[in-house]
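Asker: Quick one, data31.txt (compact mmCIF, C-alpha atoms):
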```
# COMPACT_ATOMS: atom_id res chain seq x y z
CA MET A 21 31.97 57.55 -28.62
CA ALA A 22 29.86 56.16 -25.75
CA VAL A 23 26.72 58.07 -24.83
CA GLY A 24 25.13 57.79 -21.39
CA LEU A 25 21.39 57.58 -20.76
CA ASP A 26 21.36 61.28 -19.94
CA GLY A 27 22.56 62.10 -23.45
CA LEU A 28 19.97 60.05 -25.35
CA GLU A 29 17.19 61.63 -27.38
CA GLY A 30 13.67 61.56 -25.93
CA LEU A 31 12.13 58.69 -27.93
CA VAL A 32 15.22 56.47 -27.57
CA LEU A 33 15.32 57.14 -23.83
CA GLU A 34 11.61 56.39 -23.45
CA THR A 35 12.03 53.10 -25.34
CA ILE A 36 14.94 52.00 -23.16
CA LEU A 37 13.16 52.92 -19.93
CA SER A 38 10.05 51.02 -21.01
CA LYS A 39 12.15 47.83 -21.31
CA LEU A 40 13.39 48.09 -17.73
CA GLU A 41 11.79 46.92 -14.54
CA PRO A 42 10.03 49.69 -12.59
CA VAL A 43 12.37 49.24 -9.61
CA VAL A 44 15.33 49.94 -11.92
CA VAL A 45 13.56 52.98 -13.38
CA THR A 46 13.16 54.47 -9.89
CA THR A 47 16.93 54.06 -9.41
CA VAL A 48 17.66 55.70 -12.76
CA ALA A 49 15.54 58.66 -11.65
CA CYS A 50 18.13 59.46 -8.98
CA VAL A 51 20.91 60.10 -11.54
CA SER A 52 19.87 63.49 -12.91
CA THR A 53 17.04 65.97 -13.22
CA ARG A 54 16.44 64.99 -16.86
CA LEU A 55 16.27 61.29 -16.06
CA ARG A 56 14.02 61.98 -13.09
CA ALA A 57 11.59 63.77 -15.40
CA ALA A 58 11.72 60.94 -17.97
CA ALA A 59 11.27 58.28 -15.29
CA SER A 60 8.26 60.12 -13.85
CA ASP A 61 6.41 60.48 -17.13
CA ASP A 62 2.96 58.96 -16.58
CA SER A 63 2.84 57.44 -20.06
CA LEU A 64 5.77 55.26 -18.99
CA TRP A 65 3.88 54.13 -15.89
CA ARG A 66 0.75 53.57 -17.97
CA HIS A 67 2.88 51.10 -19.94
CA PHE A 68 4.10 49.40 -16.74
CA CYS A 69 0.55 49.18 -15.35
CA ALA A 70 -0.72 47.55 -18.55
CA ARG A 71 2.27 45.22 -18.93
CA ASP A 72 2.62 44.05 -15.33
CA LEU A 73 -0.90 44.40 -13.92
CA GLY A 74 -3.31 44.44 -16.83
CA LEU A 75 -4.55 47.90 -15.86
CA ASP A 76 -5.98 50.25 -18.50
CA ALA A 77 -6.93 52.94 -15.95
CA PRO A 78 -5.16 54.24 -12.82
CA LEU A 79 -7.09 52.24 -10.20
CA ASP A 80 -5.99 50.73 -6.91
CA PRO A 81 -6.67 47.04 -6.02
CA ASP A 82 -10.11 47.98 -4.65
CA GLY A 83 -11.06 49.75 -7.88
CA ASN A 84 -10.68 53.26 -6.50
CA PRO A 85 -9.22 55.93 -8.85
CA CYS A 86 -5.64 57.08 -8.33
CA PRO A 87 -4.20 60.48 -9.35
CA SER A 88 -1.76 58.87 -11.80
CA PHE A 89 -0.59 55.55 -13.23
CA LYS A 90 2.63 55.93 -11.27
CA GLU A 91 0.70 56.22 -8.01
CA ALA A 92 -1.48 53.25 -8.98
CA TYR A 93 1.60 51.13 -9.66
CA LYS A 94 3.10 52.08 -6.28
CA ILE A 95 -0.08 51.06 -4.45
CA TRP A 96 -0.31 47.75 -6.29
CA PHE A 97 3.36 47.02 -5.67
CA ARG A 98 2.96 47.78 -1.96
CA SER A 99 0.01 45.41 -1.79
CA PHE A 100 1.23 42.59 -4.07
CA GLY A 101 4.99 43.10 -4.43
CA ARG A 102 5.76 39.95 -2.44
CA TYR A 103 4.20 37.85 -5.23
CA PRO A 104 5.33 37.34 -8.85
CA LEU A 105 3.61 40.14 -10.76
CA PRO A 106 2.76 37.93 -13.77
CA LEU A 107 0.82 35.72 -11.32
CA VAL A 108 -0.90 38.77 -9.82
CA LYS A 109 -1.91 39.92 -13.30
CA ARG A 110 -3.20 36.46 -14.19
CA ALA A 111 -5.22 36.11 -10.97
CA LYS A 112 -6.65 39.59 -11.46
CA GLN A 113 -7.68 38.78 -15.02
CA CYS A 114 -9.33 35.55 -13.87
CA TRP A 115 -11.45 37.36 -11.29
CA VAL A 116 -12.25 40.24 -13.67
CA SER A 117 -13.49 37.64 -16.17
CA ILE A 118 -15.67 35.87 -13.59
CA ASN A 119 -16.97 39.12 -12.14
CA SER A 120 -17.89 40.57 -15.53
CA TRP A 121 -19.86 37.45 -16.51
CA MET A 122 -21.65 37.32 -13.15
CA ALA A 123 -22.51 41.02 -13.22
CA VAL A 124 -24.27 40.69 -16.59
CA ASN A 125 -25.74 37.17 -16.41
CA TYR A 126 -26.11 36.37 -12.73
CA PRO A 127 -26.17 39.58 -10.67
CA GLU A 128 -27.75 37.91 -7.65
CA ALA A 129 -24.68 35.64 -7.34
CA HIS A 130 -22.32 38.50 -8.20
CA ASP A 131 -23.63 40.31 -5.12
CA THR A 132 -22.42 37.43 -2.90
CA LEU A 133 -18.74 37.80 -3.91
CA ARG A 134 -16.67 39.19 -1.05
CA LYS A 135 -13.85 41.72 -1.18
CA GLY A 136 -10.35 40.32 -1.26
CA ALA A 137 -8.78 39.12 1.98
CA THR A 138 -5.87 41.02 3.53
CA GLU A 139 -2.44 39.49 4.09
CA ALA A 140 -3.20 39.51 7.82
CA GLU A 141 -6.43 37.56 7.28
CA ILE A 142 -4.65 35.00 5.11
CA LYS A 143 -1.88 34.54 7.70
CA ARG A 144 -4.45 34.12 10.46
CA ALA A 145 -6.29 31.45 8.42
CA GLU A 146 -2.99 29.64 7.76
CA LYS A 147 -2.20 29.67 11.46
CA LEU A 148 -5.63 28.29 12.41
CA LEU A 149 -5.46 25.65 9.68
CA GLY A 150 -1.84 24.72 10.39
CA VAL A 151 -0.88 24.93 6.69
CA LYS A 152 0.88 27.20 4.23
CA LEU A 153 -1.42 27.98 1.34
CA PRO A 154 0.02 27.63 -2.18
CA ILE A 155 1.12 31.00 -3.56
CA PRO A 156 -1.51 31.09 -6.35
CA THR A 157 -4.29 30.35 -3.84
CA LYS A 158 -3.11 33.23 -1.64
CA VAL A 159 -3.18 35.61 -4.59
CA MET A 160 -6.64 34.42 -5.65
CA PHE A 161 -8.00 35.10 -2.15
CA ARG A 162 -6.36 38.52 -2.12
CA PHE A 163 -8.72 39.41 -4.97
CA CYS A 164 -11.85 37.65 -3.69
CA ASP A 165 -12.50 36.03 -0.32
CA GLY A 166 -15.09 33.57 -1.60
CA GLN A 167 -18.84 34.05 -1.30
CA GLN A 168 -21.06 35.39 1.47
CA THR A 169 -23.91 32.88 1.20
CA MET A 170 -24.65 31.96 4.81
CA SER A 171 -27.51 33.55 6.74
CA GLU A 172 -29.21 32.97 10.08
CA ASP A 173 -32.54 33.83 8.45
CA PRO A 174 -33.96 30.53 7.04
CA SER A 175 -35.71 32.13 4.05
CA GLU A 176 -32.64 34.16 3.13
CA GLY A 177 -30.42 31.12 3.63
CA LYS A 178 -32.60 29.14 1.24
CA ARG A 179 -32.32 31.88 -1.39
CA LEU A 180 -28.53 32.13 -1.02
CA ALA A 181 -28.01 28.36 -1.15
CA SER A 182 -28.77 28.29 -4.88
CA LEU A 183 -26.29 31.06 -5.77
CA GLY A 184 -23.02 29.13 -5.92
CA ILE A 185 -20.71 30.59 -8.56
CA ILE A 186 -19.48 27.11 -9.56
CA GLY A 187 -23.01 25.82 -10.13
CA GLY A 188 -24.38 22.31 -10.17
CA TYR A 189 -27.12 19.94 -11.30
CA GLU A 190 -30.35 18.37 -10.17
CA PHE A 191 -31.99 14.98 -10.67
CA TYR A 192 -34.78 13.45 -8.62
CA ASP A 193 -34.06 14.40 -4.98
CA HIS A 194 -30.35 15.04 -5.57
CA TYR A 195 -29.56 18.76 -5.80
CA VAL A 196 -26.02 20.16 -5.99
CA ASN A 197 -24.95 23.79 -6.10
CA VAL A 198 -21.30 24.53 -5.33
CA HIS A 199 -20.13 27.68 -3.54
CA LEU A 200 -16.61 29.06 -3.18
CA LEU A 201 -16.10 29.38 0.58
CA PRO A 202 -14.63 32.42 2.38
CA LEU A 203 -11.57 31.94 4.61
CA LYS A 204 -13.55 32.02 7.85
CA GLN A 205 -15.84 29.25 6.60
CA ILE A 206 -12.88 27.29 5.20
CA VAL A 207 -11.35 27.19 8.68
CA ALA A 208 -14.60 26.04 10.31
CA TYR A 209 -15.46 23.42 7.64
CA THR A 210 -11.91 22.07 7.51
CA LYS A 211 -11.72 21.56 11.28
CA THR A 212 -15.09 19.79 11.30
CA PHE A 213 -14.25 17.51 8.37
CA SER A 214 -10.74 16.77 9.63
CA ARG A 215 -12.31 15.30 12.77
CA MET A 216 -14.97 13.41 10.81
CA LEU A 217 -12.47 11.97 8.32
CA GLY A 218 -9.78 11.26 10.87
CA PHE A 219 -7.14 13.47 9.26
CA PRO A 220 -3.96 14.11 11.27
CA ALA A 221 -3.85 17.25 13.40
CA ARG A 222 -1.76 19.01 10.72
CA SER A 223 -3.30 17.70 7.52
CA ASN A 224 -2.48 19.36 4.20
CA TYR A 225 -6.14 19.23 3.12
CA ILE A 226 -8.52 22.17 3.44
CA ILE A 227 -12.08 22.53 2.12
CA LEU A 228 -12.34 25.26 -0.51
CA ALA A 229 -15.78 24.73 -2.03
CA ALA A 230 -18.97 22.92 -1.08
CA SER A 231 -22.63 22.36 -1.88
CA TYR A 232 -25.06 23.16 0.94
CA TYR A 233 -27.67 20.71 -0.40
CA SER A 234 -26.55 17.21 -1.36
CA GLY A 235 -23.05 16.83 0.04
CA LYS A 236 -20.28 17.62 -2.42
CA TYR A 237 -16.93 18.83 -1.08
CA PHE A 238 -13.75 20.07 -2.74
CA PHE A 239 -10.44 19.79 -0.89
CA LEU A 240 -7.20 21.60 -1.73
CA ASN A 241 -4.01 19.72 -0.91
CA CYS A 242 -1.74 22.56 0.16
CA ALA A 243 1.36 20.41 -0.34
CA ASP A 244 0.91 19.37 -3.98
CA GLY A 245 -1.51 22.12 -5.07
CA GLN A 246 -4.13 19.69 -6.41
CA LEU A 247 -7.87 20.12 -5.87
CA TYR A 248 -9.81 16.97 -4.99
CA VAL A 249 -13.51 16.15 -4.78
CA GLY A 250 -15.01 13.55 -2.48
CA THR A 251 -16.70 10.41 -3.84
CA LYS A 252 -19.44 8.26 -2.32
CA ASN A 253 -16.68 6.72 -0.18
CA LEU A 254 -15.38 10.01 1.21
CA MET A 255 -16.64 9.50 4.75
CA THR A 256 -15.65 5.83 4.96
CA ASP A 257 -12.45 5.55 2.92
CA ARG A 258 -11.46 9.21 2.31
CA GLU A 259 -11.78 8.48 -1.40
CA MET A 260 -11.24 11.59 -3.54
CA LEU A 261 -10.63 12.33 -7.21
CA PRO A 262 -8.32 15.01 -8.68
CA CYS A 263 -10.21 17.88 -10.32
CA VAL A 264 -7.46 19.31 -12.55
CA PRO A 265 -4.91 17.58 -14.85
CA GLN A 266 -1.91 16.92 -12.60
CA GLU A 267 0.66 17.78 -15.27
CA LEU A 268 -0.50 21.40 -15.30
CA ILE A 269 0.10 22.00 -11.60
CA ASN A 270 3.18 23.81 -10.33
CA PRO A 271 2.17 25.35 -6.99
CA MET A 272 5.45 26.94 -5.87
CA LEU A 273 8.21 29.11 -7.29
CA ASP A 274 11.10 27.00 -8.54
CA ALA A 275 14.54 27.38 -10.09
CA SER A 276 13.09 27.35 -13.61
CA ASN A 277 11.25 30.62 -12.81
CA GLN A 278 8.04 29.22 -14.24
CA MET A 279 4.88 30.98 -13.13
CA PRO A 280 3.39 29.04 -10.21
CA GLN A 281 -0.10 27.70 -10.86
CA ASP A 282 -2.11 25.50 -8.56
CA ALA A 283 -5.40 23.70 -9.12
CA LEU A 284 -7.59 26.51 -7.73
CA LEU A 285 -6.26 29.03 -10.27
CA LEU A 286 -6.53 26.56 -13.17
CA TRP A 287 -9.99 25.39 -12.04
CA LEU A 288 -11.44 28.90 -11.87
CA GLU A 289 -9.82 29.89 -15.18
CA GLU A 290 -11.41 26.87 -16.87
CA HIS A 291 -14.75 27.63 -15.21
CA SER A 292 -14.57 31.21 -16.53
CA ARG A 293 -13.82 29.95 -20.05
CA ARG A 294 -16.88 27.69 -19.93
CA LEU A 295 -19.10 30.51 -18.74
CA HIS A 296 -17.96 32.99 -21.39
CA SER A 297 -18.07 30.45 -24.24
CA GLY A 298 -21.61 29.35 -23.38
CA VAL A 299 -20.65 25.74 -22.62
CA ILE A 300 -22.53 26.17 -19.33
CA ARG A 301 -25.38 28.60 -18.73
CA ILE A 302 -27.99 29.88 -16.30
CA ARG A 303 -31.15 27.84 -15.95
CA GLY A 304 -34.33 28.37 -13.99
CA SER A 305 -37.11 30.91 -13.53
CA SER A 306 -36.80 34.56 -12.57
CA SER A 307 -37.34 33.63 -8.91
CA PHE A 308 -34.92 30.68 -8.79
CA ARG A 309 -31.90 30.59 -11.07
CA SER A 310 -28.59 28.76 -10.91
CA ILE A 311 -25.59 27.87 -13.05
CA SER A 312 -26.22 24.53 -14.72
CA LEU A 313 -23.18 22.31 -15.32
CA TYR A 314 -24.90 20.29 -18.07
CA PRO A 315 -22.96 21.23 -21.24
CA GLU A 316 -24.86 23.22 -23.86
CA LEU A 317 -22.44 23.04 -26.81
CA ALA A 318 -21.00 20.31 -29.04
CA PRO A 319 -19.21 17.97 -28.74
CA LEU A 320 -20.35 17.50 -25.12
CA CYS A 321 -23.97 18.26 -26.04
CA SER A 322 -25.57 16.25 -28.86
CA VAL A 323 -28.34 17.60 -31.08
CA ALA A 324 -30.74 15.71 -33.37
CA VAL A 325 -33.88 16.82 -35.24
CA THR A 326 -36.54 14.37 -36.44
CA ASN A 327 -39.75 15.55 -38.13
CA GLY A 328 -39.39 18.97 -36.52
CA VAL A 329 -38.72 17.67 -33.00
CA GLN A 330 -35.32 18.73 -31.67
CA VAL A 331 -33.60 16.84 -28.85
CA ARG A 332 -30.50 18.15 -27.12
CA ALA A 333 -28.72 15.89 -24.64
CA SER A 334 -25.65 16.05 -22.40
CA ALA A 335 -24.34 14.59 -19.17
CA VAL A 336 -22.28 15.61 -16.17
CA PHE A 337 -20.08 13.38 -14.01
CA VAL A 338 -21.39 13.02 -10.44
CA PRO A 339 -18.33 12.19 -8.29
CA GLU A 340 -20.16 12.31 -4.95
CA GLU A 341 -22.29 9.31 -6.01
CA SER A 342 -19.46 7.38 -7.71
CA ASP A 343 -17.82 4.37 -6.07
CA LEU A 344 -14.35 3.72 -7.45
CA ASN A 345 -13.01 1.57 -4.61
CA GLY A 346 -15.01 -1.58 -5.17
CA GLU A 347 -13.29 -4.26 -7.24
CA GLU A 348 -16.52 -5.96 -8.33
CA GLU A 349 -19.02 -3.13 -7.88
CA LYS A 350 -16.98 -0.13 -9.03
CA TYR A 351 -19.18 2.38 -10.85
CA TYR A 352 -19.05 5.86 -12.34
CA TYR A 353 -22.20 7.90 -11.77
CA TYR A 354 -23.66 10.45 -14.20
CA SER A 355 -26.64 12.72 -14.47
CA TYR A 356 -27.95 13.54 -17.93
CA SER A 357 -30.18 16.35 -19.12
CA ILE A 358 -32.62 16.04 -22.02
CA ARG A 359 -34.05 19.15 -23.68
CA MET A 360 -36.78 18.63 -26.29
CA SER A 361 -38.69 21.18 -28.35
CA LEU A 362 -40.81 21.52 -31.46
CA LEU A 363 -39.18 23.81 -34.02
CA PRO A 364 -41.10 26.83 -35.43
CA GLU A 365 -42.14 24.95 -38.58
CA GLY A 366 -44.01 22.43 -36.40
CA CYS A 367 -44.20 18.67 -36.74
CA MET A 368 -43.81 17.49 -40.34
CA LEU A 369 -44.75 13.88 -41.02
CA GLY A 370 -45.37 12.34 -44.42
CA GLY A 371 -45.72 15.76 -46.00
CA MET A 372 -48.35 16.83 -43.47
CA TYR A 373 -48.11 19.60 -40.86
CA PHE A 374 -49.12 19.10 -37.24
CA SER A 375 -49.20 21.92 -34.69
CA SER A 376 -48.32 19.70 -31.77
CA CYS A 377 -47.00 16.29 -30.84
CA GLN A 378 -46.80 14.36 -27.57
CA LEU A 379 -44.26 11.91 -26.18
CA GLN A 380 -45.45 8.38 -25.58
CA SER A 381 -42.40 6.28 -24.71
CA ARG A 382 -38.60 6.11 -24.60
CA HIS A 383 -35.81 3.74 -25.60
CA TRP A 384 -32.30 4.05 -24.13
CA ILE A 385 -29.11 2.20 -25.05
CA ILE A 386 -26.23 2.78 -22.62
CA HIS A 387 -22.63 1.79 -23.46
CA SER A 388 -19.65 1.36 -21.16
CA LYS A 389 -16.37 1.12 -23.08
CA ASP A 390 -18.28 0.07 -26.24
CA VAL A 391 -20.20 -2.66 -24.40
CA VAL A 392 -23.98 -2.34 -24.09
CA VAL A 393 -24.77 -2.40 -20.36
CA SER A 394 -28.41 -1.32 -20.56
CA ASP A 395 -31.15 -1.45 -23.20
CA VAL A 396 -34.35 -0.02 -21.77
CA HIS A 397 -37.86 0.57 -23.13
CA GLY A 398 -40.44 2.39 -21.06
CA GLU A 399 -43.41 4.71 -21.09
CA ALA A 400 -43.09 8.45 -20.46
CA VAL A 401 -40.05 10.29 -19.04
CA ILE A 402 -39.86 10.78 -15.26
CA GLY A 403 -43.59 9.98 -15.22
CA LYS A 404 -44.48 12.73 -17.71
CA PHE A 405 -45.78 12.79 -21.29
CA PRO A 406 -44.58 16.20 -22.57
CA LEU A 407 -46.78 17.91 -25.15
CA LEU A 408 -44.75 20.06 -27.55
CA PHE A 409 -45.85 23.17 -29.46
CA PRO A 410 -43.81 25.37 -31.86
CA ASP A 411 -41.90 28.29 -30.30
CA LYS A 412 -42.55 27.10 -26.74
CA GLU A 413 -39.80 26.67 -24.17
CA GLU A 414 -37.89 23.41 -24.19
CA PHE A 415 -39.21 20.62 -22.04
CA VAL A 416 -36.27 19.77 -19.80
CA TYR A 417 -35.77 16.81 -17.54
CA GLN A 418 -32.84 15.19 -15.75
CA SER A 419 -32.15 11.59 -14.90
CA CYS A 420 -29.12 9.47 -14.00
CA ALA A 421 -27.14 6.40 -14.96
CA SER A 422 -24.14 4.49 -13.63
CA LEU A 423 -21.40 2.71 -15.55
CA PRO A 424 -18.97 -0.03 -14.48
CA GLY A 425 -16.25 1.79 -16.43
CA ALA A 426 -15.68 5.04 -18.30
CA PRO A 427 -15.89 6.36 -20.93
CA GLY A 428 -19.34 5.44 -22.14
CA SER A 429 -22.26 6.91 -24.04
CA VAL A 430 -26.04 7.06 -24.20
CA GLU A 431 -28.24 7.09 -27.28
CA GLY A 432 -31.80 6.17 -28.10
CA SER A 433 -35.13 7.52 -29.21
CA PHE A 434 -38.49 8.87 -28.08
CA THR A 435 -41.76 7.75 -29.61
CA PHE A 436 -44.15 10.63 -30.34
CA VAL A 437 -47.64 10.87 -31.77
CA PRO A 438 -48.85 13.87 -33.83
CA GLY A 439 -51.46 15.86 -31.94
CA ARG A 440 -52.16 14.42 -28.48
CA LEU A 441 -52.11 10.94 -26.97
CA ARG A 442 -55.85 11.20 -26.27
CA LYS A 443 -56.53 12.39 -29.81
CA PRO A 444 -53.76 11.32 -32.21
CA GLU A 445 -53.81 12.96 -35.62
CA GLY A 446 -51.45 10.55 -37.37
CA LYS A 447 -49.14 7.58 -36.96
CA GLN A 448 -46.60 7.49 -34.16
CA PHE A 449 -42.97 8.18 -35.09
CA ASP A 450 -39.53 7.82 -33.47
CA VAL A 451 -37.39 10.85 -32.63
CA LYS A 452 -33.66 10.24 -32.49
CA VAL A 453 -31.50 11.04 -29.47
CA ALA A 454 -27.96 11.41 -30.82
CA PRO A 455 -25.21 9.75 -28.75
CA PHE A 456 -23.82 11.85 -25.90
CA ILE A 457 -20.68 11.20 -23.89
CA LEU A 458 -20.28 9.81 -20.37
CA GLU A 459 -16.69 10.33 -19.29
CA GLU A 460 -14.50 11.12 -16.31
CA PRO A 461 -13.52 14.67 -17.33
CA GLY A 462 -10.12 16.28 -17.01
CA TYR A 463 -11.72 19.10 -14.99
CA ILE A 464 -14.33 18.14 -12.40
CA PHE A 465 -16.74 20.79 -11.10
```
What does the file become when written as structure tokens?

Answerer:
Amino acid sequence: MAVGLDGLEGLVLETILSKLEPVVVTTVACVSTRLRAAASDDSLWRHFCARDLGLDAPLDPDGNPCPSFKEAYKIWFRSFGRYPLPLVKRAKQCWVSINSWMAVNYPEAHDTLRKGATEAEIKRAEKLLGVKLPIPTKVMFRFCDGQQTMSEDPSEGKRLASLGIIGGYEFYDHYVNVHLLPLKQIVAYTKTFSRMLGFPARSNYIILAASYYSGKYFFLNCADGQLYVGTKNLMTDREMLPCVPQELINPMLDASNQMPQDALLLWLEEHSRRLHSGVIRIRGSSSFRSISLYPELAPLCSVAVTNGVQVRASAVFVPEESDLNGEEEKYYYYSYSIRMSLLPEGCMLGGMYFSSCQLQSRHWIIHSKDVVVSDVHGEAVIGKFPLLFPDKEEFVYQSCASLPGAPGSVEGSFTFVPGRLRKPEGKQFDVKVAPFILEEPGYIF
């Protein structure tokens, strides 16, 4: 004998309702008083909030408390119901992940993150830009409208310029620190660069992120959903490189009902993974800190210890200085970071202990596709002769190299003397620098 929903026992009814979509549950509630009570149970809506939105507390999109999970779900649905909820949940989780890391590790940058943009603000930006933003990009900006890092006060502007949430690198007089731009700035930058680059009046490209120091610009193609970064030839030839593996990008809803994902969503998710895993970290003093894009973990960071001297080395691709158009002079540009320290046990050489050692010279061997393109001997590093002591901070320096083709690698050694150069206490010895990779990465930041 058939039994209707109204005749089911409590646990069975709860299980069935939990498998339905919330919009269907609200329809079921109209059938009878008993079903209305079951469909209004807040434990059911707690389940929906967790499943569809990743919520573990009844909060609205701005983080304000709601009287119940049912009310929270209603508010979220009103605000985001036009988008696929799995995408909303994923975008929310991405920003929660970034925000949580920034709040603990980089609060000064966390304070620059803006509240999410409204639908009206997004539509206005689309109208001014003459484009339709990919759905995932819209959802990402609903949660966070970039960074507020512009100021008319020069000293404050200088402080804010180092607080990009994407981060960067520094070598010689080249300093990069990438910020995620707010919609208002995106409109202004895009219009300026469209004129400079000679884009058509209704180009699909908009600028999403930029460095305020050395020029580095990221462009979103709103048609194919890919994120591009300008090379050395950006201003002359509009040369750009994709920043995310193309096969992962699916910017719009399609018949297969796959979750849409564009390059911005994938790029920020990957950036969050690198932050939380420790692949990239904060560097600098208490008065000037920034996210460093030089990798800190293997296999992208090599580590070698010789006679108590530890050398860590890694490199980052520098697209804005790379020239990939030239047939004869094509080159990939990299910056590498060397971190050297004397371990707590000190310098051990021939069974003897030394409390310090000092660098005298360097030897670098650079490969491009297994071919040696440079074999260099020289004194010092960037004009310095670092003196190492146990338990002191690493001596860190950055330099650069270019390759005619990628991938490549760098390896070599440093020559040290025990004690000091002016007063050596033993024979000089070579400290190994293990090979580290130079490659065009799948994700470019």

Asker: For Pro262 (chain A), please output as a compact mmCIF listing (two decimals) with C-alpha atoms, keeping the file's coordinate frame all residues within 9 Å (counting all atoms listed in the file; exclusion window: fewer than 4 positions along the same chain).

Answerer:
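Just written: result-v1.txt:
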```
# COMPACT_ATOMS: atom_id res chain seq x y z
CA GLN A 246 -4.13 19.69 -6.41
CA LEU A 247 -7.87 20.12 -5.87
CA TYR A 248 -9.81 16.97 -4.99
CA VAL A 249 -13.51 16.15 -4.78
CA GLN A 266 -1.91 16.92 -12.60
CA GLY A 462 -10.12 16.28 -17.01
CA TYR A 463 -11.72 19.10 -14.99
CA ILE A 464 -14.33 18.14 -12.40
```

Asker: Find the distance between CA of Ser419 (chain A) and CA of Tyr356 (chain A) and write it in Å to one decimal.

Answerer: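 Distance reported for this atom pair: 5.5 Å.
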
Asker: Considering only C-alpha atoms, state which residue in the set A:Ile186, A:Leu286, A:Ala229, A:Leu379 is at the smallest distance from Arg442 (chain A).

Answerer: A:Leu379

Asker: Env of Glu141 (chain A): 10 Å cut, atoms = only C-alpha atoms, seq-sep filter 3 positions within chain, self excluded. Answer as a ChimeraX atom specification.

Answerer: /A:136-138,144-147,161-162,165,203-204

Asker: Residues at most 10 Å from Ser361 (chain A), counting all atoms listed in the file, excluding those fewer than 3 positions away in the same chain, as a compact mmCIF listing (two decimals) with C-alpha atoms, in the frame of the given file?

Answerer:
```
# COMPACT_ATOMS: atom_id res chain seq x y z
CA VAL A 325 -33.88 16.82 -35.24
CA GLY A 328 -39.39 18.97 -36.52
CA VAL A 329 -38.72 17.67 -33.00
CA GLN A 330 -35.32 18.73 -31.67
CA VAL A 331 -33.60 16.84 -28.85
CA ARG A 332 -30.50 18.15 -27.12
CA PRO A 364 -41.10 26.83 -35.43
CA GLY A 366 -44.01 22.43 -36.40
CA CYS A 377 -47.00 16.29 -30.84
CA PRO A 406 -44.58 16.20 -22.57
CA LEU A 407 -46.78 17.91 -25.15
CA LEU A 408 -44.75 20.06 -27.55
CA PHE A 409 -45.85 23.17 -29.46
CA PRO A 410 -43.81 25.37 -31.86
CA ASP A 411 -41.90 28.29 -30.30
CA LYS A 412 -42.55 27.10 -26.74
CA GLU A 413 -39.80 26.67 -24.17
CA GLU A 414 -37.89 23.41 -24.19
CA PHE A 415 -39.21 20.62 -22.04
CA VAL A 416 -36.27 19.77 -19.80
```

Asker: Every residue with an atom at most 12 Å from (-25.3, -1.2, -18.2) (file coordinates; all atoms listed in the file) is what I'm after, so could you write them as a list in words?

Answerer: Tyr351, Tyr352, Tyr353, Trp384, Ile385, Ile386, His387, Ser388, Lys389, Asp390, Val391, Val392, Val393, Ser394, Asp395, Val396, Ala421, Ser422, Leu423, Pro424, Gly425, Ala426, Gly428, Ser429 and Val430 of chain A

Asker: Write the selection just made, keeping C-alpha atoms, as a compact mmCIF listing (two decimals), keeping the file's coordinate frame?

Answerer:
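Output contents, as saved in selection22.txt:
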```
# COMPACT_ATOMS: atom_id res chain seq x y z
CA TYR A 351 -19.18 2.38 -10.85
CA TYR A 352 -19.05 5.86 -12.34
CA TYR A 353 -22.20 7.90 -11.77
CA TRP A 384 -32.30 4.05 -24.13
CA ILE A 385 -29.11 2.20 -25.05
CA ILE A 386 -26.23 2.78 -22.62
CA HIS A 387 -22.63 1.79 -23.46
CA SER A 388 -19.65 1.36 -21.16
CA LYS A 389 -16.37 1.12 -23.08
CA ASP A 390 -18.28 0.07 -26.24
CA VAL A 391 -20.20 -2.66 -24.40
CA VAL A 392 -23.98 -2.34 -24.09
CA VAL A 393 -24.77 -2.40 -20.36
CA SER A 394 -28.41 -1.32 -20.56
CA ASP A 395 -31.15 -1.45 -23.20
CA VAL A 396 -34.35 -0.02 -21.77
CA ALA A 421 -27.14 6.40 -14.96
CA SER A 422 -24.14 4.49 -13.63
CA LEU A 423 -21.40 2.71 -15.55
CA PRO A 424 -18.97 -0.03 -14.48
CA GLY A 425 -16.25 1.79 -16.43
CA ALA A 426 -15.68 5.04 -18.30
CA GLY A 428 -19.34 5.44 -22.14
CA SER A 429 -22.26 6.91 -24.04
CA VAL A 430 -26.04 7.06 -24.20
```

Asker: Give me, as a list in words, all polymer residues having an atom no more than 7 Å from Phe337 (chain A), counting all atoms listed in the file and skipping those fewer than 6 positions away in the same chain.

Answerer: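 Once the nearby chain positions are removed, what remains is Tyr353, Tyr354, Ser355, Glu459 and Glu460 of chain A.
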
Asker: For C-alpha atoms, I'd like the residues from the last selection saved as a PDB file, in the frame of the given file.

Answerer:
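This is the output file result-v3.pdb:
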```
ATOM      1  CA  TYR A 353     -22.200   7.900 -11.770  1.00  0.00           C
ATOM      2  CA  TYR A 354     -23.660  10.450 -14.200  1.00  0.00           C
ATOM      3  CA  SER A 355     -26.640  12.720 -14.470  1.00  0.00           C
ATOM      4  CA  GLU A 459     -16.690  10.330 -19.290  1.00  0.00           C
ATOM      5  CA  GLU A 460     -14.500  11.120 -16.310  1.00  0.00           C
TER       6      GLU A 460
END
```

Asker: Could you work out how far CA of Leu317 (chain A) lies from CA of Pro265 (chain A), giving the answer in Å with one decimal?

Answerer: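 These two atoms are separated by 21.9 Å.
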
Asker: Which residue gives the smallest distance to Gln418 (chain A) among A:Ile402, A:Leu33, A:Leu285, A:Leu313, with only C-alpha atoms counted?

Answerer: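 Selected residue with least distance to Gln418 (chain A): A:Ile402.
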
Asker: By how many Å are CA of Val48 (chain A) and CA of Tyr93 (chain A) apart?

Answerer: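 A separation of 17.0 Å between them.
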